[in-house]
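Novice: Structure file target_35.cif (mmCIF, C-alpha atoms) is given on the next line.
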data_start
#
loop_
_atom_site.label_atom_id
_atom_site.label_comp_id
_atom_site.auth_asym_id
_atom_site.auth_seq_id
_atom_site.Cartn_x
_atom_site.Cartn_y
_atom_site.Cartn_z
CA MET V 1 -18.87 -3.62 17.83
CA GLN V 2 -17.05 -2.53 14.73
CA LEU V 3 -13.66 -0.91 15.19
CA PRO V 4 -12.80 2.08 13.02
CA ARG V 5 -10.23 1.14 10.40
CA THR V 6 -6.75 2.61 10.33
CA PRO V 7 -6.84 5.21 7.52
CA SER V 8 -4.67 4.93 4.44
CA GLN V 9 -1.72 7.18 3.61
CA THR V 10 0.37 7.42 0.46
CA VAL V 11 3.37 5.15 -0.19
CA GLY V 12 5.30 8.36 -0.92
CA PRO V 13 8.32 8.58 -3.21
CA TYR V 14 10.68 6.28 -1.30
CA TYR V 15 8.66 3.07 -1.00
CA THR V 16 11.17 1.04 -3.02
CA ILE V 17 13.55 0.88 -0.06
CA GLY V 18 10.92 -1.02 1.92
CA LEU V 19 8.76 -2.75 -0.66
CA CYS V 20 11.01 -3.51 -3.62
CA ARG V 21 14.12 -5.00 -2.05
CA ARG V 22 13.79 -8.22 -4.02
CA VAL V 23 12.40 -9.33 -7.36
CA GLU V 24 8.77 -10.18 -6.73
CA ASN V 25 7.20 -9.71 -10.15
CA GLU V 26 7.30 -13.40 -11.05
CA LEU V 27 4.03 -15.04 -10.04
CA VAL V 28 5.36 -18.26 -11.54
CA PRO V 29 8.95 -19.31 -12.32
CA PRO V 30 9.91 -17.52 -15.57
CA ASP V 31 11.08 -20.73 -17.26
CA ASP V 32 7.78 -22.56 -16.70
CA ALA V 33 6.06 -23.76 -19.83
CA GLY V 34 3.32 -21.43 -20.99
CA VAL V 35 4.31 -18.40 -18.94
CA LEU V 36 2.54 -15.20 -19.77
CA ARG V 37 4.14 -11.80 -19.70
CA VAL V 38 1.93 -8.95 -18.51
CA THR V 39 3.09 -5.40 -18.99
CA GLY V 40 1.59 -1.94 -19.06
CA GLN V 41 2.06 1.71 -18.30
CA LEU V 42 0.76 3.67 -15.33
CA LEU V 43 -0.36 7.10 -16.58
CA ASP V 44 -1.46 10.30 -14.85
CA GLY V 45 -4.21 12.76 -15.78
CA ASP V 46 -2.00 14.39 -18.42
CA GLY V 47 -1.21 11.01 -19.95
CA GLU V 48 2.33 11.24 -18.57
CA PRO V 49 3.99 8.14 -17.14
CA ILE V 50 4.03 7.73 -13.36
CA GLY V 51 7.59 6.66 -12.66
CA ASP V 52 7.22 6.24 -8.93
CA GLY V 53 4.26 3.90 -8.78
CA MET V 54 3.95 0.29 -7.71
CA ILE V 55 1.59 -2.37 -9.01
CA GLU V 56 0.60 -5.56 -7.19
CA ALA V 57 -1.11 -8.40 -9.02
CA TRP V 58 -3.17 -11.12 -7.37
CA ASP V 59 -4.49 -14.21 -9.12
CA ALA V 60 -7.10 -15.61 -6.75
CA SER V 61 -7.61 -18.70 -8.93
CA GLY V 62 -4.03 -19.83 -8.43
CA SER V 63 -3.20 -18.02 -5.16
CA ARG V 64 -0.37 -16.24 -6.95
CA TRP V 65 0.88 -12.79 -6.05
CA GLY V 66 3.47 -10.39 -7.40
CA ARG V 67 4.67 -6.83 -7.18
CA SER V 68 6.37 -4.53 -9.69
CA ALA V 69 7.66 -0.99 -9.29
CA THR V 70 7.14 1.25 -12.32
CA ASP V 71 10.21 2.52 -14.17
CA GLY V 72 10.84 6.00 -15.60
CA ASP V 73 8.37 5.26 -18.41
CA GLY V 74 5.69 4.20 -15.95
CA ARG V 75 6.19 0.59 -17.07
CA PHE V 76 5.50 -2.47 -14.94
CA TRP V 77 6.03 -6.17 -15.75
CA PHE V 78 4.78 -9.48 -14.45
CA VAL V 79 5.51 -13.03 -15.39
CA THR V 80 2.52 -15.21 -14.61
CA ALA V 81 0.36 -18.05 -15.82
CA LYS V 82 -3.06 -17.49 -17.27
CA PRO V 83 -5.53 -17.38 -14.35
CA ALA V 84 -8.34 -19.93 -14.38
CA ALA V 85 -12.03 -19.07 -14.58
CA MET V 86 -13.69 -19.29 -11.16
CA ASP V 87 -17.41 -20.09 -11.09
CA SER V 88 -18.92 -17.52 -13.42
CA ALA V 89 -15.92 -15.16 -13.19
CA ALA V 90 -13.80 -14.81 -16.31
CA PRO V 91 -10.02 -15.24 -15.87
CA HIS V 92 -8.62 -12.04 -14.41
CA LEU V 93 -5.95 -10.53 -12.21
CA ASP V 94 -6.79 -8.22 -9.31
CA ILE V 95 -4.52 -5.20 -9.74
CA TYR V 96 -3.57 -2.86 -6.90
CA VAL V 97 -2.12 0.55 -7.75
CA PHE V 98 0.10 2.51 -5.38
CA ALA V 99 1.94 5.78 -6.04
CA ARG V 100 3.24 8.99 -4.61
CA GLY V 101 0.27 11.36 -4.75
CA LEU V 102 -2.17 8.50 -4.27
CA LEU V 103 -3.42 8.72 -0.68
CA LYS V 104 -5.12 5.34 -0.89
CA HIS V 105 -4.22 2.48 -3.20
CA GLN V 106 -6.71 1.73 -5.96
CA LEU V 107 -8.07 -1.68 -6.94
CA THR V 108 -8.89 -2.67 -10.49
CA ARG V 109 -9.18 -5.88 -12.52
CA MET V 110 -7.38 -6.96 -15.64
CA TYR V 111 -9.29 -9.28 -17.99
CA PHE V 112 -7.86 -11.16 -20.96
CA PRO V 113 -8.39 -10.30 -24.65
CA ASP V 114 -8.66 -13.96 -25.73
CA GLU V 115 -11.65 -14.67 -23.49
CA PRO V 116 -14.54 -12.82 -25.19
CA GLU V 117 -17.14 -15.42 -24.22
CA ALA V 118 -16.13 -15.65 -20.57
CA ASN V 119 -15.78 -11.85 -20.38
CA ALA V 120 -19.30 -11.40 -21.76
CA VAL V 121 -20.84 -13.26 -18.82
CA ASP V 122 -18.44 -12.20 -16.07
CA PRO V 123 -20.66 -10.73 -13.32
CA VAL V 124 -18.40 -7.75 -12.62
CA LEU V 125 -17.51 -6.91 -16.20
CA SER V 126 -21.04 -7.33 -17.53
CA SER V 127 -22.42 -5.01 -14.84
CA LEU V 128 -20.36 -2.12 -16.25
CA PRO V 129 -21.20 0.21 -19.15
CA GLU V 130 -19.63 -1.02 -22.39
CA ALA V 131 -16.90 1.64 -22.55
CA ASP V 132 -15.75 0.70 -19.04
CA ARG V 133 -15.67 -2.98 -19.93
CA ALA V 134 -13.24 -2.25 -22.75
CA VAL V 135 -10.95 -0.36 -20.37
CA LEU V 136 -10.56 -3.45 -18.17
CA VAL V 137 -9.67 -5.85 -20.97
CA ALA V 138 -5.95 -6.04 -21.78
CA GLU V 139 -4.55 -6.07 -25.32
CA GLN V 140 -2.23 -8.50 -27.05
CA GLU V 141 1.15 -6.94 -27.75
CA ASP V 142 4.19 -8.75 -29.12
CA GLY V 143 3.47 -11.99 -27.34
CA ALA V 144 2.66 -10.22 -24.10
CA VAL V 145 -0.55 -8.93 -22.61
CA ARG V 146 -0.64 -5.17 -22.23
CA PHE V 147 -2.78 -3.40 -19.64
CA ASP V 148 -2.37 0.34 -19.29
CA ILE V 149 -3.70 1.99 -16.14
CA ARG V 150 -5.00 5.56 -16.45
CA MET V 151 -5.62 7.38 -13.19
CA GLN V 152 -7.81 10.06 -14.78
CA GLY V 153 -9.31 11.17 -18.10
CA ASP V 154 -11.88 9.92 -20.60
CA ARG V 155 -10.49 6.43 -20.50
CA GLN V 156 -9.81 6.38 -16.76
CA THR V 157 -9.40 2.85 -15.45
CA VAL V 158 -12.37 1.59 -13.46
CA PHE V 159 -11.46 1.36 -9.79
CA PHE V 160 -13.39 -0.60 -7.18
CA ALA V 161 -14.25 0.37 -3.62
CA THR V 162 -12.21 -1.42 -0.96
CA MET R 1 -8.10 22.76 -7.62
CA THR R 2 -5.17 25.11 -7.97
CA ASP R 3 -1.83 25.61 -6.34
CA ASP R 4 -3.27 28.40 -4.20
CA SER R 5 -5.83 26.10 -2.54
CA PRO R 6 -5.16 25.84 1.20
CA ILE R 7 -2.51 23.39 2.38
CA VAL R 8 -4.69 22.20 5.25
CA LEU R 9 -8.51 22.09 5.13
CA PRO R 10 -10.73 22.23 8.24
CA ASP R 11 -11.76 19.03 10.01
CA ASP R 12 -14.68 17.17 8.48
CA PRO R 13 -15.90 14.18 10.51
CA SER R 14 -18.19 13.07 7.66
CA PHE R 15 -15.17 11.40 6.04
CA GLY R 16 -14.96 8.89 8.91
CA ASP R 17 -11.97 6.60 8.52
CA GLU R 18 -11.60 7.28 4.78
CA VAL R 19 -8.79 9.49 3.57
CA GLN R 20 -9.78 12.24 1.11
CA VAL R 21 -8.02 10.88 -1.97
CA ASP R 22 -8.15 14.18 -3.88
CA TYR R 23 -7.00 16.31 -0.94
CA PRO R 24 -5.92 19.52 -2.71
CA GLY R 25 -3.24 20.59 -0.21
CA TYR R 26 -1.17 17.54 -1.21
CA ARG R 27 -0.29 18.80 -4.69
CA SER R 28 0.65 15.45 -6.20
CA THR R 29 -2.96 14.25 -5.91
CA ARG R 30 -4.01 16.59 -8.69
CA LEU R 31 -3.08 14.40 -11.65
CA ARG R 32 -3.13 11.09 -9.82
CA ALA R 33 -6.31 10.81 -7.72
CA PRO R 34 -9.06 9.11 -9.75
CA LYS R 35 -11.90 11.50 -10.63
CA ARG R 36 -14.70 9.02 -11.19
CA PRO R 37 -16.64 7.38 -8.36
CA LEU R 38 -15.48 3.95 -7.25
CA VAL R 39 -17.52 0.94 -8.37
CA THR R 40 -18.79 -1.35 -5.62
CA LEU R 41 -18.05 -5.05 -6.05
CA PRO R 42 -20.62 -7.61 -4.89
CA GLU R 43 -20.18 -8.54 -1.22
CA GLU R 44 -19.46 -12.21 -2.00
CA LEU R 45 -16.28 -11.15 -3.81
CA HIS R 46 -14.89 -9.53 -0.66
CA SER R 47 -13.60 -12.88 0.51
CA THR R 48 -11.49 -13.93 -2.43
CA GLY R 49 -8.48 -14.36 -0.18
CA GLY R 50 -5.06 -12.88 -0.64
CA PRO R 51 -1.41 -13.82 -0.61
CA VAL R 52 -0.25 -15.94 2.30
CA PHE R 53 3.33 -15.25 3.32
CA GLY R 54 5.36 -17.89 5.08
CA ASP R 55 8.39 -17.76 7.34
CA GLU R 56 10.66 -17.89 4.28
CA THR R 57 9.50 -14.34 3.44
CA VAL R 58 11.25 -12.94 6.48
CA SER R 59 14.83 -13.31 7.68
CA ALA R 60 15.72 -13.47 11.35
CA LEU R 61 16.95 -9.88 11.63
CA ASP R 62 14.41 -8.24 9.33
CA TYR R 63 12.46 -6.94 12.35
CA ASP R 64 15.52 -5.21 13.82
CA LEU R 65 16.57 -2.21 11.75
CA THR R 66 19.43 -1.50 14.15
CA GLN R 67 21.23 -4.79 13.43
CA GLN R 68 21.40 -4.88 9.65
CA HIS R 69 24.91 -3.41 9.42
CA GLU R 70 28.27 -3.72 11.10
CA GLY R 71 27.66 -0.90 13.57
CA GLU R 72 24.64 0.57 15.23
CA PRO R 73 22.75 3.44 13.61
CA LEU R 74 22.81 6.86 15.21
CA GLY R 75 19.66 8.20 16.82
CA GLU R 76 17.14 7.37 19.46
CA ARG R 77 16.65 3.60 19.61
CA ILE R 78 12.96 2.67 19.82
CA ILE R 79 10.74 -0.40 19.96
CA VAL R 80 7.58 -0.22 17.86
CA THR R 81 4.92 -2.83 18.60
CA GLY R 82 1.23 -3.36 18.17
CA ARG R 83 -1.43 -5.71 16.89
CA VAL R 84 -3.00 -6.18 13.49
CA LEU R 85 -6.75 -6.68 13.91
CA ASP R 86 -9.79 -6.89 11.67
CA ASP R 87 -12.65 -4.49 12.28
CA ALA R 88 -14.34 -7.02 14.56
CA GLY R 89 -11.28 -6.91 16.83
CA LYS R 90 -10.05 -10.34 15.77
CA PRO R 91 -6.27 -10.68 15.48
CA ILE R 92 -4.86 -11.30 12.01
CA ARG R 93 -2.20 -13.98 12.19
CA ASN R 94 0.74 -14.31 9.81
CA ALA R 95 0.08 -10.89 8.32
CA LEU R 96 3.12 -9.56 6.48
CA VAL R 97 4.05 -6.15 7.90
CA GLU R 98 6.64 -4.17 5.94
CA VAL R 99 8.10 -0.86 7.14
CA TRP R 100 10.40 1.80 5.73
CA GLN R 101 11.55 5.12 7.10
CA ALA R 102 14.04 7.98 7.12
CA ASN R 103 17.06 7.81 9.41
CA ALA R 104 17.39 9.86 12.60
CA GLY R 105 18.52 12.85 10.55
CA GLY R 106 15.43 12.73 8.34
CA ARG R 107 17.14 11.23 5.26
CA TYR R 108 15.97 8.20 3.28
CA LYS R 109 18.48 5.84 1.76
CA HIS R 110 16.95 6.49 -1.66
CA HIS R 111 18.59 8.20 -4.65
CA VAL R 112 15.69 10.64 -5.08
CA ASP R 113 16.09 11.99 -1.52
CA GLN R 114 18.67 14.78 -1.81
CA HIS R 115 17.80 16.49 1.50
CA PRO R 116 21.14 17.78 2.85
CA ALA R 117 21.15 15.59 5.95
CA PRO R 118 23.68 12.79 6.38
CA LEU R 119 23.09 9.22 5.32
CA ASP R 120 23.90 6.73 8.05
CA PRO R 121 26.08 3.86 6.81
CA ASN R 122 24.56 1.70 9.54
CA PHE R 123 20.94 2.29 8.63
CA SER R 124 18.95 1.15 5.60
CA GLY R 125 15.55 1.97 7.07
CA ALA R 126 13.61 -1.10 5.95
CA GLY R 127 12.15 -4.03 7.87
CA ARG R 128 9.54 -6.72 7.71
CA CYS R 129 7.92 -9.26 10.00
CA LEU R 130 4.96 -11.61 10.26
CA THR R 131 2.36 -11.17 13.01
CA ASP R 132 2.16 -13.90 15.65
CA ASP R 133 -0.96 -15.83 16.68
CA ASP R 134 -2.30 -12.83 18.61
CA GLY R 135 -1.68 -10.47 15.68
CA ASN R 136 1.38 -8.90 17.32
CA TYR R 137 4.17 -7.31 15.33
CA ARG R 138 7.41 -5.89 16.69
CA PHE R 139 10.22 -3.76 15.25
CA ILE R 140 13.37 -2.29 16.71
CA THR R 141 14.57 0.83 14.96
CA VAL R 142 15.61 4.44 15.53
CA LYS R 143 13.17 7.31 15.68
CA PRO R 144 13.01 8.88 12.20
CA GLY R 145 13.67 12.58 11.81
CA ALA R 146 11.32 15.13 10.30
CA TYR R 147 12.33 16.24 6.81
CA PRO R 148 11.56 18.96 4.27
CA TRP R 149 9.71 18.27 1.03
CA GLY R 150 8.76 20.29 -2.02
CA ASN R 151 4.99 20.41 -1.67
CA HIS R 152 4.88 24.10 -0.68
CA GLU R 153 7.05 26.80 0.87
CA ASN R 154 8.71 25.58 4.11
CA ALA R 155 6.96 22.20 3.98
CA TRP R 156 8.10 19.56 6.52
CA ARG R 157 6.81 16.05 7.05
CA PRO R 158 6.16 15.08 10.67
CA ALA R 159 8.31 12.11 11.72
CA HIS R 160 6.68 8.88 10.52
CA ILE R 161 7.26 5.24 9.69
CA HIS R 162 5.64 3.83 6.54
CA PHE R 163 3.70 0.58 7.04
CA SER R 164 2.41 -1.90 4.47
CA VAL R 165 0.11 -4.68 5.72
CA PHE R 166 -1.59 -7.64 4.02
CA GLY R 167 -4.73 -9.08 5.56
CA ASN R 168 -6.73 -11.98 4.19
CA ALA R 169 -8.91 -10.24 1.62
CA PHE R 170 -8.63 -7.40 -0.86
CA THR R 171 -10.56 -5.20 1.56
CA GLN R 172 -7.75 -5.67 4.07
CA ARG R 173 -4.79 -4.38 2.08
CA LEU R 174 -3.37 -1.27 3.75
CA VAL R 175 -0.44 1.08 3.20
CA THR R 176 -0.23 3.87 5.71
CA GLN R 177 2.07 5.89 7.97
CA MET R 178 2.55 5.77 11.73
CA TYR R 179 3.24 9.06 13.47
CA PHE R 180 4.61 9.92 16.91
CA PRO R 181 2.58 11.58 19.68
CA GLY R 182 2.62 15.35 20.09
CA ASP R 183 4.42 16.21 16.86
CA PRO R 184 4.31 20.01 16.35
CA LEU R 185 4.18 19.51 12.56
CA PHE R 186 0.80 17.74 12.54
CA ARG R 187 -1.27 20.83 11.92
CA PHE R 188 0.80 21.91 8.92
CA ASP R 189 1.01 18.58 7.09
CA PRO R 190 -1.40 17.98 4.19
CA ILE R 191 -0.78 14.23 4.07
CA PHE R 192 -1.68 13.74 7.74
CA ASN R 193 -4.65 16.10 7.41
CA SER R 194 -5.96 14.35 4.28
CA VAL R 195 -7.70 12.21 6.90
CA ARG R 196 -10.37 14.81 7.58
CA ASP R 197 -12.00 13.28 10.66
CA PRO R 198 -9.86 14.15 13.71
CA LYS R 199 -10.84 10.89 15.42
CA ALA R 200 -9.64 8.89 12.44
CA ARG R 201 -6.48 10.97 12.21
CA ALA R 202 -5.71 10.12 15.83
CA LEU R 203 -5.62 6.45 14.77
CA LEU R 204 -2.45 7.21 12.80
CA VAL R 205 -0.60 8.34 15.92
CA SER R 206 1.23 5.81 18.09
CA GLU R 207 1.16 5.96 21.90
CA PHE R 208 4.20 6.12 24.11
CA ASP R 209 4.29 2.75 25.91
CA LEU R 210 6.19 2.80 29.19
CA GLU R 211 5.39 -0.85 29.87
CA THR R 212 7.20 -2.04 26.74
CA THR R 213 10.06 0.41 27.22
CA LYS R 214 13.27 -1.45 28.07
CA PRO R 215 15.07 0.19 31.00
CA ASP R 216 18.50 1.56 30.10
CA TRP R 217 17.98 0.57 26.46
CA ALA R 218 15.03 1.85 24.39
CA LEU R 219 11.73 3.73 24.54
CA ALA R 220 8.67 2.00 23.12
CA TYR R 221 5.72 3.10 21.04
CA ARG R 222 2.52 1.11 20.59
CA TRP R 223 0.38 1.29 17.49
CA ASN R 224 -2.48 -1.03 16.58
CA ILE R 225 -3.57 -1.44 12.98
CA VAL R 226 -7.21 -2.17 12.15
CA LEU R 227 -7.91 -3.57 8.69
CA GLY R 228 -11.28 -3.67 6.94
CA HIS R 229 -13.93 -6.33 6.86
CA GLY R 230 -12.44 -9.62 5.71
CA GLY R 231 -15.58 -11.47 4.66
CA ASN R 232 -14.90 -15.12 5.42
CA GLY R 233 -11.48 -14.94 3.84
CA THR R 234 -9.54 -17.82 5.27
CA THR R 235 -5.91 -18.69 5.48
CA PRO R 236 -4.69 -22.16 6.33
CA LEU R 237 -4.42 -21.02 9.94
CA GLU R 238 -8.00 -19.82 10.15
CA GLU R 239 -10.12 -22.90 9.67
CA ASP R 240 -12.08 -22.19 12.84
CA HIS R 241 -14.81 -20.19 11.07
#
Please rewrite the model in this file as structure tokens.
Specialist:
Amino acid sequence: MQLPRTPSQTVGPYYTIGLCRRVENELVPPDDAGVLRVTGQLLDGDGEPIGDGMIEAWDASGSRWGRSATDGDGRFWFVTAKPAAMDSAAPHLDIYVFARGLLKHQLTRMYFPDEPEANAVDPVLSSLPEADRAVLVAEQEDGAVRFDIRMQGDRQTVFFAT
Amino acid sequence: MTDDSPIVLPDDPSFGDEVQVDYPGYRSTRLRAPKRPLVTLPEELHSTGGPVFGDETVSALDYDLTQQHEGEPLGERIIVTGRVLDDAGKPIRNALVEVWQANAGGRYKHHVDQHPAPLDPNFSGAGRCLTDDDGNYRFITVKPGAYPWGNHENAWRPAHIHFSVFGNAFTQRLVTQMYFPGDPLFRFDPIFNSVRDPKARALLVSEFDLETTKPDWALAYRWNIVLGHGGNGTTPLEEDH
């Protein structure tokens, strides 16, 4: 018999006291060779920054996890290593989005701009319409990888059912 | 949706255990809830695993929110226990459970919370623990107070404790809130009622647990947490599949 799942509720505005008591946005030690900085902005339906959001990043290929609160500009940061390709999947991070006003967290995927060939055959990415594929591929920015997350609008981030 | 849409909508069992993400009575959903339908990932990707947290994640007193300061916090001391299970009823071992809450006066130790209730120098309101082999978690804390918020005129949140839980797969990540039985604020609260199915909503409410209550010391509340389907997601402790 299948048990009904416990429903989701929002993290609310005060989650940092419980979830952000320590620095957890380093998926690898920051002084490792070849570290990669991932940054981005979390934006609402008016394009305004969400300053009370939280992003979690999971690299299944390396079993690495991290968490970053957003700042007043909606910015989040991770220090990580480039994920490896797994089977036919292109390198990617699973990205979880939490915020006040978000009654259930949302799951998306961040792909890398320097992997056009792997991205072209990734089973998830290639199943999406072209415009949606572009939304899930990060951009290079000043030596970092930038991935903005838009909750609504024409360029809304693609979110996956969980 | 507009600001004059109702704060609380009628029950709708067709939602099952899913929350209505764009629930209009909770005003902050308006610019934040995604508008496009979710994309379904192939089933074989449901078992890509997830972070495994070890004992080093948790300090000895992290489960006891009443012992994190010099003195004891004010309020009604309570024990909150339960099990973390998957939807087949199987316990999830070593799941990281994180909690945060207001103090007994209904005030969070957070700079944004300016509700004119006192902060308690002996209460931070945050804890964490790992589930044991039977999926059990346990916290000692004080019962949080109800508090006002700016969603609408005379809006008050029912007393609740925030929970964050990691299972073994992306389908098992959960952030939610545990409520207390019989709260008179339930029927006015848009966040609680964003779970439209009354049976599912009841799953957010803990039960008073006389058996776990410690005589002359603390009342107890029991609340089980059921996470989604985990595929065959394995942790080092679950090689018995």
Novice: Could the residues of chain V within 8 Å of chain R, counting only C-alpha atoms, be given as a PyMOL selection string, please?
Specialist: chain V and resi 1-11+13-15+17-19+44-46+58+60+63-65+100-105+124+151-153+156+158-162
Novice: List the residues matched by the PyMOL selection byres ((chain V and resi 133) around 10) in the displayed structure as a compact mmCIF listing (two decimals) with C-alpha atoms, keeping the file's coordinate frame, ordered by chain and then by residue number.
Specialist:
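New file expr-v2.txt:
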# COMPACT_ATOMS: atom_id res chain seq x y z
CA TYR V 111 -9.29 -9.28 -17.99
CA ASN V 119 -15.78 -11.85 -20.38
CA ALA V 120 -19.30 -11.40 -21.76
CA VAL V 124 -18.40 -7.75 -12.62
CA LEU V 125 -17.51 -6.91 -16.20
CA SER V 126 -21.04 -7.33 -17.53
CA SER V 127 -22.42 -5.01 -14.84
CA LEU V 128 -20.36 -2.12 -16.25
CA PRO V 129 -21.20 0.21 -19.15
CA GLU V 130 -19.63 -1.02 -22.39
CA ALA V 131 -16.90 1.64 -22.55
CA ASP V 132 -15.75 0.70 -19.04
CA ALA V 134 -13.24 -2.25 -22.75
CA VAL V 135 -10.95 -0.36 -20.37
CA LEU V 136 -10.56 -3.45 -18.17
CA VAL V 137 -9.67 -5.85 -20.97
CA THR V 157 -9.40 2.85 -15.45
CA VAL V 158 -12.37 1.59 -13.46
Novice: When you draw a straight line from CA of Asn136 in chain R to CA of Arg83 in chain R, how long is it in Å?
Specialist: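 Distance between the two atoms: 4.3 Å.
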Novice: To verify the selection step, state as a VMD selection string which residues the PyMOL selection byres ((chain R and resi 179) around 7) yields on this input.
Specialist: chain R and resid 159 to 161 177 to 178 180 to 181 204 to 206
Novice: Keeping only C-alpha atoms, write the selected residues to a file as an mmCIF file, in the frame of the given file.
Specialist:
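The resulting selection_1.cif:
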data_model
loop_
_atom_site.group_PDB
_atom_site.id
_atom_site.type_symbol
_atom_site.label_atom_id
_atom_site.label_comp_id
_atom_site.auth_asym_id
_atom_site.auth_seq_id
_atom_site.Cartn_x
_atom_site.Cartn_y
_atom_site.Cartn_z
ATOM 1 C CA ALA R 159 8.310 12.110 11.720
ATOM 2 C CA HIS R 160 6.680 8.880 10.520
ATOM 3 C CA ILE R 161 7.260 5.240 9.690
ATOM 4 C CA GLN R 177 2.070 5.890 7.970
ATOM 5 C CA MET R 178 2.550 5.770 11.730
ATOM 6 C CA PHE R 180 4.610 9.920 16.910
ATOM 7 C CA PRO R 181 2.580 11.580 19.680
ATOM 8 C CA LEU R 204 -2.450 7.210 12.800
ATOM 9 C CA VAL R 205 -0.600 8.340 15.920
ATOM 10 C CA SER R 206 1.230 5.810 18.090
#
Novice: Evaluating the PyMOL selection byres ((chain R and resi 73-82) around 10) on the displayed file yields which residues, as a ChimeraX atom specification?
Specialist: /R:63-72,83-85,103-105,120-125,131,135-145,161,178,206-209,212-214,217-225
Novice: Output, as lines of an AutoDock Vina configuration file, the centre and edge lengths in Å (one decimal) of the axis-aligned box that contains all listed atoms of range 62-72 of chain V with 3 Å of margin on each side.
Specialist:
center_x = 3.4
center_y = -6.9
center_z = -10.4
size_x = 20.9
size_y = 31.8
size_z = 16.4
Novice: Please compute the CA of Arg155 in chain V-CA of Gln140 in chain V distance, one decimal, in Å.
Specialist: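 Atom-to-atom, CA of Arg155 in chain V and CA of Gln140 in chain V are spaced 18.3 Å apart.
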Novice: So how many Å separate CA of Gly150 in chain R and CA of Gly53 in chain V, to one decimal?
Specialist: 18.3 Å
Novice: With a distance cut-off of 9 Å and all atoms listed in the file, select the neighbouring residues of Ile55 in chain V, excluding the residue or stretch itself and same-chain residues fewer than 3 positions from it, and output the selection as a list in words.
Specialist: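 Listed by chain and then number, they are Leu42, Gly66, Arg67, Ser68, Ala69, Thr70, Phe76, Trp77, Ile95, Tyr96, Val97, Phe98 and Ala99 of chain V.
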